[in-house]
Each structure stands twice: as structure tokens, then as C-alpha cells.
$ cat run-v7.tsv   # TSV, N, CA and C atoms
chain	number	residue	atom	x	y	z
A	25	MET	N	-8.02	-11.64	14.15
A	25	MET	CA	-7.20	-10.45	14.22
A	25	MET	C	-7.84	-9.48	15.21
A	26	VAL	N	-7.06	-9.00	16.14
A	26	VAL	CA	-7.53	-8.02	17.10
A	26	VAL	C	-7.25	-6.64	16.54
A	27	THR	N	-8.28	-5.81	16.51
A	27	THR	CA	-8.13	-4.47	15.98
A	27	THR	C	-8.32	-3.47	17.11
A	28	LYS	N	-7.41	-2.54	17.19
A	28	LYS	CA	-7.51	-1.48	18.19
A	28	LYS	C	-8.59	-0.51	17.77
A	29	GLN	N	-9.30	0.03	18.72
A	29	GLN	CA	-10.30	1.06	18.46
A	29	GLN	C	-9.72	2.39	18.92
A	30	PHE	N	-9.89	3.41	18.08
A	30	PHE	CA	-9.36	4.73	18.42
A	30	PHE	C	-10.23	5.34	19.48
A	31	SER	N	-9.63	5.67	20.60
A	31	SER	CA	-10.38	6.24	21.72
A	31	SER	C	-10.18	7.74	21.84
A	32	GLY	N	-9.42	8.33	20.94
A	32	GLY	CA	-9.18	9.76	21.00
A	32	GLY	C	-7.99	10.13	21.87
A	33	LEU	N	-7.42	9.16	22.55
A	33	LEU	CA	-6.26	9.44	23.41
A	33	LEU	C	-5.00	9.50	22.57
A	34	SER	N	-4.07	10.33	22.98
A	34	SER	CA	-2.83	10.48	22.22
A	34	SER	C	-2.03	9.19	22.16
A	35	ASP	N	-2.19	8.30	23.14
A	35	ASP	CA	-1.48	7.01	23.12
A	35	ASP	C	-1.83	6.20	21.88
A	36	GLU	N	-3.07	6.31	21.41
A	36	GLU	CA	-3.49	5.55	20.23
A	36	GLU	C	-2.82	6.05	18.96
A	37	ALA	N	-2.36	7.29	18.97
A	37	ALA	CA	-1.71	7.88	17.80
A	37	ALA	C	-0.19	7.78	17.87
A	38	ASP	N	0.34	7.19	18.92
A	38	ASP	CA	1.79	7.12	19.14
A	38	ASP	C	2.37	5.89	18.44
A	39	LEU	N	3.09	6.12	17.35
A	39	LEU	CA	3.69	5.03	16.58
A	39	LEU	C	4.72	4.23	17.39
A	40	ARG	N	5.26	4.84	18.43
A	40	ARG	CA	6.28	4.15	19.23
A	40	ARG	C	5.67	3.08	20.13
A	41	ARG	N	4.38	3.19	20.40
A	41	ARG	CA	3.71	2.21	21.27
A	41	ARG	C	3.30	0.99	20.46
A	42	ALA	N	3.73	-0.18	20.89
A	42	ALA	CA	3.44	-1.42	20.16
A	42	ALA	C	1.95	-1.71	20.09
A	43	ASP	N	1.19	-1.24	21.06
A	43	ASP	CA	-0.23	-1.56	21.11
A	43	ASP	C	-1.13	-0.43	20.58
A	44	SER	N	-0.55	0.54	19.87
A	44	SER	CA	-1.36	1.67	19.41
A	44	SER	C	-2.03	1.38	18.07
A	45	LEU	N	-3.16	2.02	17.86
A	45	LEU	CA	-3.86	1.91	16.58
A	45	LEU	C	-3.00	2.46	15.45
A	46	ALA	N	-2.27	3.54	15.72
A	46	ALA	CA	-1.39	4.12	14.69
A	46	ALA	C	-0.34	3.11	14.25
A	47	ARG	N	0.25	2.36	15.17
A	47	ARG	CA	1.25	1.34	14.83
A	47	ARG	C	0.62	0.24	13.99
A	48	GLU	N	-0.60	-0.15	14.33
A	48	GLU	CA	-1.30	-1.18	13.56
A	48	GLU	C	-1.53	-0.73	12.12
A	49	ILE	N	-1.98	0.51	11.96
A	49	ILE	CA	-2.22	1.06	10.62
A	49	ILE	C	-0.91	1.17	9.87
A	50	PHE	N	0.11	1.69	10.52
A	50	PHE	CA	1.43	1.85	9.91
A	50	PHE	C	1.95	0.49	9.44
A	51	SER	N	1.80	-0.52	10.27
A	51	SER	CA	2.26	-1.86	9.92
A	51	SER	C	1.51	-2.38	8.69
A	52	ASP	N	0.24	-2.08	8.60
A	52	ASP	CA	-0.56	-2.52	7.44
A	52	ASP	C	-0.06	-1.88	6.14
A	53	VAL	N	0.09	-0.57	6.15
A	53	VAL	CA	0.35	0.12	4.87
A	53	VAL	C	1.83	0.25	4.52
A	54	ALA	N	2.72	0.06	5.48
A	54	ALA	CA	4.15	0.25	5.21
A	54	ALA	C	4.81	-1.06	4.78
A	55	ASN	N	4.28	-1.66	3.73
A	55	ASN	CA	4.92	-2.83	3.16
A	55	ASN	C	5.05	-2.61	1.66
A	56	LYS	N	6.01	-3.28	1.06
A	56	LYS	CA	6.32	-3.00	-0.34
A	56	LYS	C	5.12	-3.21	-1.26
A	57	TRP	N	4.33	-4.25	-1.02
A	57	TRP	CA	3.22	-4.51	-1.93
A	57	TRP	C	2.15	-3.44	-1.81
A	58	ALA	N	1.82	-3.03	-0.60
A	58	ALA	CA	0.80	-1.99	-0.43
A	58	ALA	C	1.25	-0.69	-1.10
A	59	LEU	N	2.50	-0.33	-0.91
A	59	LEU	CA	3.01	0.91	-1.51
A	59	LEU	C	3.00	0.83	-3.04
A	60	LEU	N	3.36	-0.33	-3.58
A	60	LEU	CA	3.37	-0.50	-5.04
A	60	LEU	C	1.95	-0.51	-5.61
A	61	ILE	N	1.00	-1.08	-4.88
A	61	ILE	CA	-0.39	-1.08	-5.32
A	61	ILE	C	-0.95	0.34	-5.31
A	62	ILE	N	-0.65	1.09	-4.26
A	62	ILE	CA	-1.11	2.48	-4.17
A	62	ILE	C	-0.53	3.29	-5.32
A	63	GLU	N	0.74	3.09	-5.61
A	63	GLU	CA	1.38	3.81	-6.72
A	63	GLU	C	0.76	3.40	-8.05
A	64	ALA	N	0.49	2.12	-8.23
A	64	ALA	CA	-0.08	1.63	-9.48
A	64	ALA	C	-1.50	2.17	-9.70
A	65	LEU	N	-2.30	2.20	-8.64
A	65	LEU	CA	-3.66	2.71	-8.78
A	65	LEU	C	-3.67	4.20	-9.10
A	66	GLY	N	-2.88	4.96	-8.36
A	66	GLY	CA	-2.82	6.40	-8.60
A	66	GLY	C	-4.20	7.00	-8.68
A	67	ASP	N	-4.49	7.70	-9.76
A	67	ASP	CA	-5.80	8.32	-9.97
A	67	ASP	C	-6.71	7.46	-10.83
A	68	ARG	N	-6.31	6.22	-11.06
A	68	ARG	CA	-7.04	5.36	-11.98
A	68	ARG	C	-7.94	4.37	-11.24
A	69	THR	N	-8.83	3.78	-11.99
A	69	THR	CA	-9.63	2.65	-11.54
A	69	THR	C	-9.16	1.46	-12.36
A	70	LEU	N	-8.75	0.39	-11.65
A	70	LEU	CA	-8.19	-0.77	-12.34
A	70	LEU	C	-8.86	-2.05	-11.88
A	71	ARG	N	-8.91	-3.01	-12.78
A	71	ARG	CA	-9.39	-4.34	-12.45
A	71	ARG	C	-8.25	-5.12	-11.80
A	72	PHE	N	-8.60	-6.22	-11.13
A	72	PHE	CA	-7.62	-7.05	-10.45
A	72	PHE	C	-6.50	-7.46	-11.40
A	73	SER	N	-6.86	-7.96	-12.57
A	73	SER	CA	-5.84	-8.44	-13.52
A	73	SER	C	-4.96	-7.30	-14.02
A	74	GLU	N	-5.52	-6.11	-14.16
A	74	GLU	CA	-4.72	-4.95	-14.57
A	74	GLU	C	-3.73	-4.58	-13.49
A	75	LEU	N	-4.17	-4.64	-12.23
A	75	LEU	CA	-3.26	-4.36	-11.11
A	75	LEU	C	-2.14	-5.39	-11.05
A	76	ARG	N	-2.49	-6.65	-11.26
A	76	ARG	CA	-1.47	-7.71	-11.23
A	76	ARG	C	-0.43	-7.47	-12.32
A	77	ASP	N	-0.88	-7.00	-13.48
A	77	ASP	CA	0.06	-6.69	-14.57
A	77	ASP	C	0.92	-5.47	-14.25
A	78	GLU	N	0.36	-4.50	-13.54
A	78	GLU	CA	1.08	-3.27	-13.19
A	78	GLU	C	2.15	-3.50	-12.13
A	79	VAL	N	1.88	-4.41	-11.18
A	79	VAL	CA	2.79	-4.65	-10.06
A	79	VAL	C	3.53	-5.96	-10.34
A	80	GLU	N	4.62	-5.85	-11.06
A	80	GLU	CA	5.39	-7.01	-11.47
A	80	GLU	C	5.88	-7.81	-10.27
A	81	GLY	N	5.68	-9.12	-10.32
A	81	GLY	CA	6.20	-10.00	-9.28
A	81	GLY	C	5.22	-10.30	-8.16
A	82	ILE	N	4.09	-9.61	-8.11
A	82	ILE	CA	3.14	-9.87	-7.02
A	82	ILE	C	2.32	-11.11	-7.34
A	83	SER	N	2.13	-11.95	-6.33
A	83	SER	CA	1.33	-13.16	-6.53
A	83	SER	C	-0.16	-12.81	-6.38
A	84	HIS	N	-0.98	-13.70	-6.87
A	84	HIS	CA	-2.44	-13.53	-6.74
A	84	HIS	C	-2.81	-13.38	-5.27
A	85	LYS	N	-2.22	-14.24	-4.42
A	85	LYS	CA	-2.51	-14.23	-2.99
A	85	LYS	C	-2.11	-12.90	-2.34
A	86	MET	N	-0.92	-12.40	-2.63
A	86	MET	CA	-0.45	-11.15	-2.02
A	86	MET	C	-1.27	-9.96	-2.50
A	87	LEU	N	-1.64	-9.95	-3.78
A	87	LEU	CA	-2.47	-8.87	-4.30
A	87	LEU	C	-3.82	-8.88	-3.61
A	88	THR	N	-4.41	-10.06	-3.47
A	88	THR	CA	-5.71	-10.18	-2.79
A	88	THR	C	-5.62	-9.71	-1.35
A	89	GLN	N	-4.62	-10.18	-0.62
A	89	GLN	CA	-4.46	-9.80	0.79
A	89	GLN	C	-4.28	-8.29	0.94
A	90	ASN	N	-3.45	-7.70	0.10
A	90	ASN	CA	-3.17	-6.27	0.23
A	90	ASN	C	-4.36	-5.42	-0.22
A	91	LEU	N	-5.08	-5.83	-1.23
A	91	LEU	CA	-6.28	-5.09	-1.63
A	91	LEU	C	-7.33	-5.14	-0.52
A	92	ARG	N	-7.49	-6.29	0.11
A	92	ARG	CA	-8.44	-6.41	1.23
A	92	ARG	C	-8.02	-5.51	2.39
A	93	MET	N	-6.71	-5.48	2.67
A	93	MET	CA	-6.21	-4.63	3.75
A	93	MET	C	-6.45	-3.16	3.43
A	94	LEU	N	-6.17	-2.75	2.19
A	94	LEU	CA	-6.38	-1.35	1.80
A	94	LEU	C	-7.86	-0.99	1.88
A	95	GLU	N	-8.70	-1.91	1.48
A	95	GLU	CA	-10.15	-1.68	1.56
A	95	GLU	C	-10.58	-1.60	3.03
A	96	ARG	N	-10.10	-2.50	3.85
A	96	ARG	CA	-10.44	-2.52	5.29
A	96	ARG	C	-10.05	-1.21	5.98
A	97	ASN	N	-8.91	-0.65	5.58
A	97	ASN	CA	-8.44	0.59	6.17
A	97	ASN	C	-9.02	1.84	5.50
A	98	GLY	N	-9.91	1.64	4.56
A	98	GLY	CA	-10.57	2.77	3.91
A	98	GLY	C	-9.69	3.51	2.92
A	99	LEU	N	-8.66	2.85	2.41
A	99	LEU	CA	-7.74	3.50	1.47
A	99	LEU	C	-8.06	3.16	0.02
A	100	ALA	N	-8.80	2.08	-0.19
A	100	ALA	CA	-9.21	1.69	-1.54
A	100	ALA	C	-10.67	1.27	-1.49
A	101	GLU	N	-11.33	1.44	-2.63
A	101	GLU	CA	-12.71	1.01	-2.78
A	101	GLU	C	-12.77	-0.10	-3.80
A	102	ARG	N	-13.61	-1.06	-3.54
A	102	ARG	CA	-13.83	-2.19	-4.44
A	102	ARG	C	-15.25	-2.10	-4.95
A	103	LYS	N	-15.39	-2.10	-6.26
A	103	LYS	CA	-16.72	-2.03	-6.86
A	103	LYS	C	-16.94	-3.26	-7.72
A	104	VAL	N	-18.02	-3.98	-7.43
A	104	VAL	CA	-18.38	-5.17	-8.18
A	104	VAL	C	-19.52	-4.82	-9.12
A	105	HIS	N	-19.29	-5.03	-10.41
A	105	HIS	CA	-20.33	-4.79	-11.41
A	105	HIS	C	-21.10	-6.08	-11.65
A	106	PRO	N	-22.43	-6.00	-11.69
A	106	PRO	CA	-23.25	-7.21	-11.83
A	106	PRO	C	-23.27	-7.75	-13.26
A	107	THR	N	-22.16	-8.30	-13.66
A	107	THR	CA	-22.04	-8.91	-14.99
A	107	THR	C	-21.62	-10.36	-14.81
A	108	VAL	N	-21.67	-11.11	-15.88
A	108	VAL	CA	-21.20	-12.49	-15.85
A	108	VAL	C	-20.06	-12.62	-16.84
A	109	PRO	N	-18.85	-12.92	-16.38
A	109	PRO	CA	-18.45	-13.01	-14.97
A	109	PRO	C	-18.42	-11.61	-14.33
A	110	PRO	N	-18.46	-11.57	-13.00
A	110	PRO	CA	-18.46	-10.26	-12.32
A	110	PRO	C	-17.20	-9.46	-12.66
A	111	ARG	N	-17.37	-8.17	-12.88
A	111	ARG	CA	-16.23	-7.28	-13.11
A	111	ARG	C	-15.98	-6.51	-11.82
A	112	VAL	N	-14.77	-6.65	-11.28
A	112	VAL	CA	-14.41	-5.99	-10.02
A	112	VAL	C	-13.34	-4.96	-10.30
A	113	GLU	N	-13.56	-3.74	-9.81
A	113	GLU	CA	-12.62	-2.64	-10.02
A	113	GLU	C	-12.21	-2.05	-8.67
A	114	TYR	N	-11.00	-1.51	-8.66
A	114	TYR	CA	-10.44	-0.89	-7.45
A	114	TYR	C	-10.02	0.53	-7.76
A	115	THR	N	-10.24	1.41	-6.80
A	115	THR	CA	-9.81	2.79	-6.92
A	115	THR	C	-9.42	3.29	-5.53
A	116	LEU	N	-8.54	4.27	-5.47
A	116	LEU	CA	-8.16	4.84	-4.18
A	116	LEU	C	-9.24	5.79	-3.69
A	117	THR	N	-9.45	5.80	-2.39
A	117	THR	CA	-10.34	6.76	-1.75
A	117	THR	C	-9.56	8.05	-1.51
A	118	GLU	N	-10.20	9.04	-0.94
A	118	GLU	CA	-9.50	10.31	-0.64
A	118	GLU	C	-8.31	10.07	0.29
A	119	PRO	N	-8.48	9.32	1.41
A	119	PRO	CA	-7.30	9.04	2.24
A	119	PRO	C	-6.23	8.25	1.49
A	120	GLY	N	-6.63	7.36	0.60
A	120	GLY	CA	-5.67	6.60	-0.19
A	120	GLY	C	-4.89	7.51	-1.14
A	121	ARG	N	-5.59	8.47	-1.75
A	121	ARG	CA	-4.91	9.43	-2.64
A	121	ARG	C	-3.97	10.32	-1.84
A	122	ALA	N	-4.35	10.67	-0.61
A	122	ALA	CA	-3.47	11.47	0.25
A	122	ALA	C	-2.21	10.67	0.59
A	123	LEU	N	-2.37	9.39	0.88
A	123	LEU	CA	-1.21	8.54	1.16
A	123	LEU	C	-0.34	8.40	-0.08
A	124	ARG	N	-0.96	8.39	-1.25
A	124	ARG	CA	-0.21	8.28	-2.50
A	124	ARG	C	0.79	9.43	-2.65
A	125	ALA	N	0.45	10.61	-2.17
A	125	ALA	CA	1.40	11.73	-2.23
A	125	ALA	C	2.68	11.39	-1.47
A	126	THR	N	2.55	10.72	-0.34
A	126	THR	CA	3.72	10.29	0.43
A	126	THR	C	4.46	9.18	-0.30
A	127	VAL	N	3.73	8.26	-0.89
A	127	VAL	CA	4.35	7.18	-1.67
A	127	VAL	C	5.15	7.78	-2.83
A	128	ASP	N	4.59	8.80	-3.48
A	128	ASP	CA	5.32	9.47	-4.57
A	128	ASP	C	6.63	10.07	-4.07
A	129	LEU	N	6.62	10.63	-2.87
A	129	LEU	CA	7.85	11.19	-2.29
A	129	LEU	C	8.88	10.08	-2.03
A	130	ILE	N	8.41	8.93	-1.56
A	130	ILE	CA	9.32	7.80	-1.34
A	130	ILE	C	9.91	7.34	-2.67
A	131	CYS	N	9.09	7.29	-3.72
A	131	CYS	CA	9.59	6.91	-5.05
A	131	CYS	C	10.62	7.92	-5.54
A	132	ASP	N	10.34	9.20	-5.36
A	132	ASP	CA	11.29	10.25	-5.77
A	132	ASP	C	12.61	10.11	-5.00
A	133	TRP	N	12.52	9.86	-3.69
A	133	TRP	CA	13.71	9.68	-2.86
A	133	TRP	C	14.52	8.49	-3.36
A	134	THR	N	13.83	7.39	-3.69
A	134	THR	CA	14.51	6.18	-4.19
A	134	THR	C	15.27	6.49	-5.47
A	135	HIS	N	14.63	7.18	-6.40
A	135	HIS	CA	15.30	7.53	-7.66
A	135	HIS	C	16.48	8.46	-7.42
A	136	ARG	N	16.31	9.40	-6.51
A	136	ARG	CA	17.37	10.38	-6.24
A	136	ARG	C	18.62	9.73	-5.64
A	137	TYR	N	18.43	8.78	-4.74
A	137	TYR	CA	19.56	8.20	-4.00
A	137	TYR	C	19.92	6.78	-4.43
A	138	LEU	N	19.37	6.33	-5.53
A	138	LEU	CA	19.64	4.97	-6.00
A	138	LEU	C	21.13	4.73	-6.19
A	139	GLY	N	21.82	5.63	-6.86
A	139	GLY	CA	23.26	5.48	-7.10
A	139	GLY	C	24.05	5.49	-5.80
A	140	HIS	N	23.69	6.37	-4.88
A	140	HIS	CA	24.38	6.44	-3.59
A	140	HIS	C	24.23	5.12	-2.83
A	141	ILE	N	23.00	4.61	-2.78
A	141	ILE	CA	22.74	3.37	-2.04
A	141	ILE	C	23.43	2.19	-2.70
A	142	GLU	N	23.41	2.17	-4.02
A	142	GLU	CA	24.10	1.10	-4.75
A	142	GLU	C	25.59	1.10	-4.42
A	143	GLY	N	26.21	2.27	-4.39
A	143	GLY	CA	27.63	2.38	-4.05
A	143	GLY	C	27.90	1.95	-2.62
A	144	ALA	N	27.04	2.36	-1.70
A	144	ALA	CA	27.21	1.98	-0.29
A	144	ALA	C	27.10	0.48	-0.12
A	145	ARG	N	26.19	-0.15	-0.83
A	145	ARG	CA	26.03	-1.60	-0.75
A	145	ARG	C	27.27	-2.31	-1.30
A	146	ARG	N	27.79	-1.82	-2.40
A	146	ARG	CA	29.01	-2.42	-2.97
A	146	ARG	C	30.16	-2.34	-1.98
A	147	ARG	N	30.34	-1.16	-1.37
A	147	ARG	CA	31.42	-1.00	-0.38
A	147	ARG	C	31.21	-1.90	0.83
A	148	PHE	N	30.00	-1.99	1.31
A	148	PHE	CA	29.68	-2.79	2.48
A	148	PHE	C	29.92	-4.27	2.20
A	149	ASP	N	29.50	-4.71	1.03
A	149	ASP	CA	29.60	-6.14	0.69
A	149	ASP	C	31.01	-6.57	0.27
A	150	ALA	N	31.89	-5.59	0.05
A	150	ALA	CA	33.25	-5.92	-0.42
A	150	ALA	C	34.10	-6.53	0.68
$ encode --input "run-v7.tsv" --output "C-alpha cells"
Amino acid sequence: MVTKQFSGLSDEADLRRADSLAREIFSDVANKWALLIIEALGDRTLRFSELRDEVEGISHKMLTQNLRMLERNGLAERKVHPTVPPRVEYTLTEPGRALRATVDLICDWTHRYLGHIEGARRRFDA
């Protein structure tokens, strides 16, 4: 995987540019599983199995991939406790909690317009 390095230039922050660091980050976090994991973690610290139970329908593989991505981007922290078997916990970092505020707004928007969107889909599909 090729990762862009932020050089401080405004081009790197331009989401419209396919080769920008901002686009790469946006692509990482703007997927349904990442958003659902961020929402599930919230202000809590959860183990892998607890997260899997919280995010209905996510596979072991997708949860692992998305937790690694969130950790790589500095949005989640992984803590391994030296026990047998090892106990691994995840929590959001400060940037992850800041992103959660936006995720909460998306959830609120979804609840607010659910009926409208459902009606539009019925009309479209008719």
C-alpha cells in the first residue's frame, strides 16, 4: 500500500484530488464498517468479541481490517494485556472521539430522514 505523506501543501488536503492524503484518509474512514465501529466504541473500551457483538453482521475479517485501519490512522488504540490468553481492548483516541461527533450527526440525519428516503425508494422502484 502506498501512503501519501503530508507535505503541508494545500493540495494534500484537497479531497477532490485523487492523489491527496485527505482523499486517502477519507476513503479509509468513510465506509459503513468503520463508521459503525466508531459509533459502537463511543466513549467505551471494548474487547474484539464485544465489538463483534455490537456491530451486527460484521465478519471477523472485516472487523480486523477496520480496527487495523483505525489504529493505523490514529483513531483507535489497541491495548494488549499480558494474560493467557491475551486480552485485547480497543478505545477511540482523541481524533477518533472527534470523528465520532460527526458519525453521531450522520446517525441523527439517518433517523430524521429515514421515512423520507424509504418513501423516495418506493416511488423510484415502482
$ select_by_dssp --input "run-v7.tsv" --residues "stretch 34-118 of chain A" --states "strand (DSSP E or B)" --output "ChimeraX atom specification"
/A:69-71,100-105,111-116
$ closest_residue --input "run-v7.tsv" --among "A:Leu70, A:Ala46, A:Ile62, A:Ala37" --to "A:Ala125" --atoms "only C-alpha atoms"
A:Ile62
$ closest_atom_pairs --input "run-v7.tsv" --of "stretch 31-60 of chain A" --to "stretch 90-98 of chain A" --cutoff "8 Å" --atoms "all atoms listed in the file" --output "Markdown table"
| residue | atom | partner | partner_atom | distance |
| --- | --- | --- | --- | --- |
| A:Ile49 | CA | A:Asn97 | CA | 7.7 |
| A:Asp52 | C | A:Met93 | C | 7.1 |
| A:Val53 | N | A:Met93 | C | 7.5 |
| A:Trp57 | C | A:Asn90 | CA | 6.4 |
| A:Ala58 | CA | A:Asn90 | CA | 5.9 |
$ closest_residue --input "run-v7.tsv" --among "A:Leu60, A:Cys131, A:Leu87, A:Leu99" --to "A:Pro119" --atoms "only C-alpha atoms"
A:Leu99
$ closest_residue --input "run-v7.tsv" --among "A:Ala100, A:Met86, A:Ala42, A:Ile141" --to "A:Arg124" --atoms "only C-alpha atoms"
A:Ala100
$ closest_residue --input "run-v7.tsv" --among "A:Arg147, A:His84, A:Arg68, A:Arg76" --to "A:Tyr114" --atoms "all atoms listed in the file"
A:Arg68
$ closest_residue --input "run-v7.tsv" --among "A:Gly139, A:Asp67, A:Arg47, A:Ala144" --to "A:Arg121" --atoms "all atoms listed in the file"
A:Asp67
$ atom_distance --input "run-v7.tsv" --atom1 "atom C of A:Val127" --atom2 "atom C of A:Ala54"
11.7 Å
$ closest_residue --input "run-v7.tsv" --among "A:Val108, A:Ser34, A:Lys56, A:Glu63" --to "A:Thr126" --atoms "only C-alpha atoms"
A:Glu63
$ atom_distance --input "run-v7.tsv" --atom1 "atom CA of A:Leu39" --atom2 "atom CA of A:Ser51"
9.7 Å
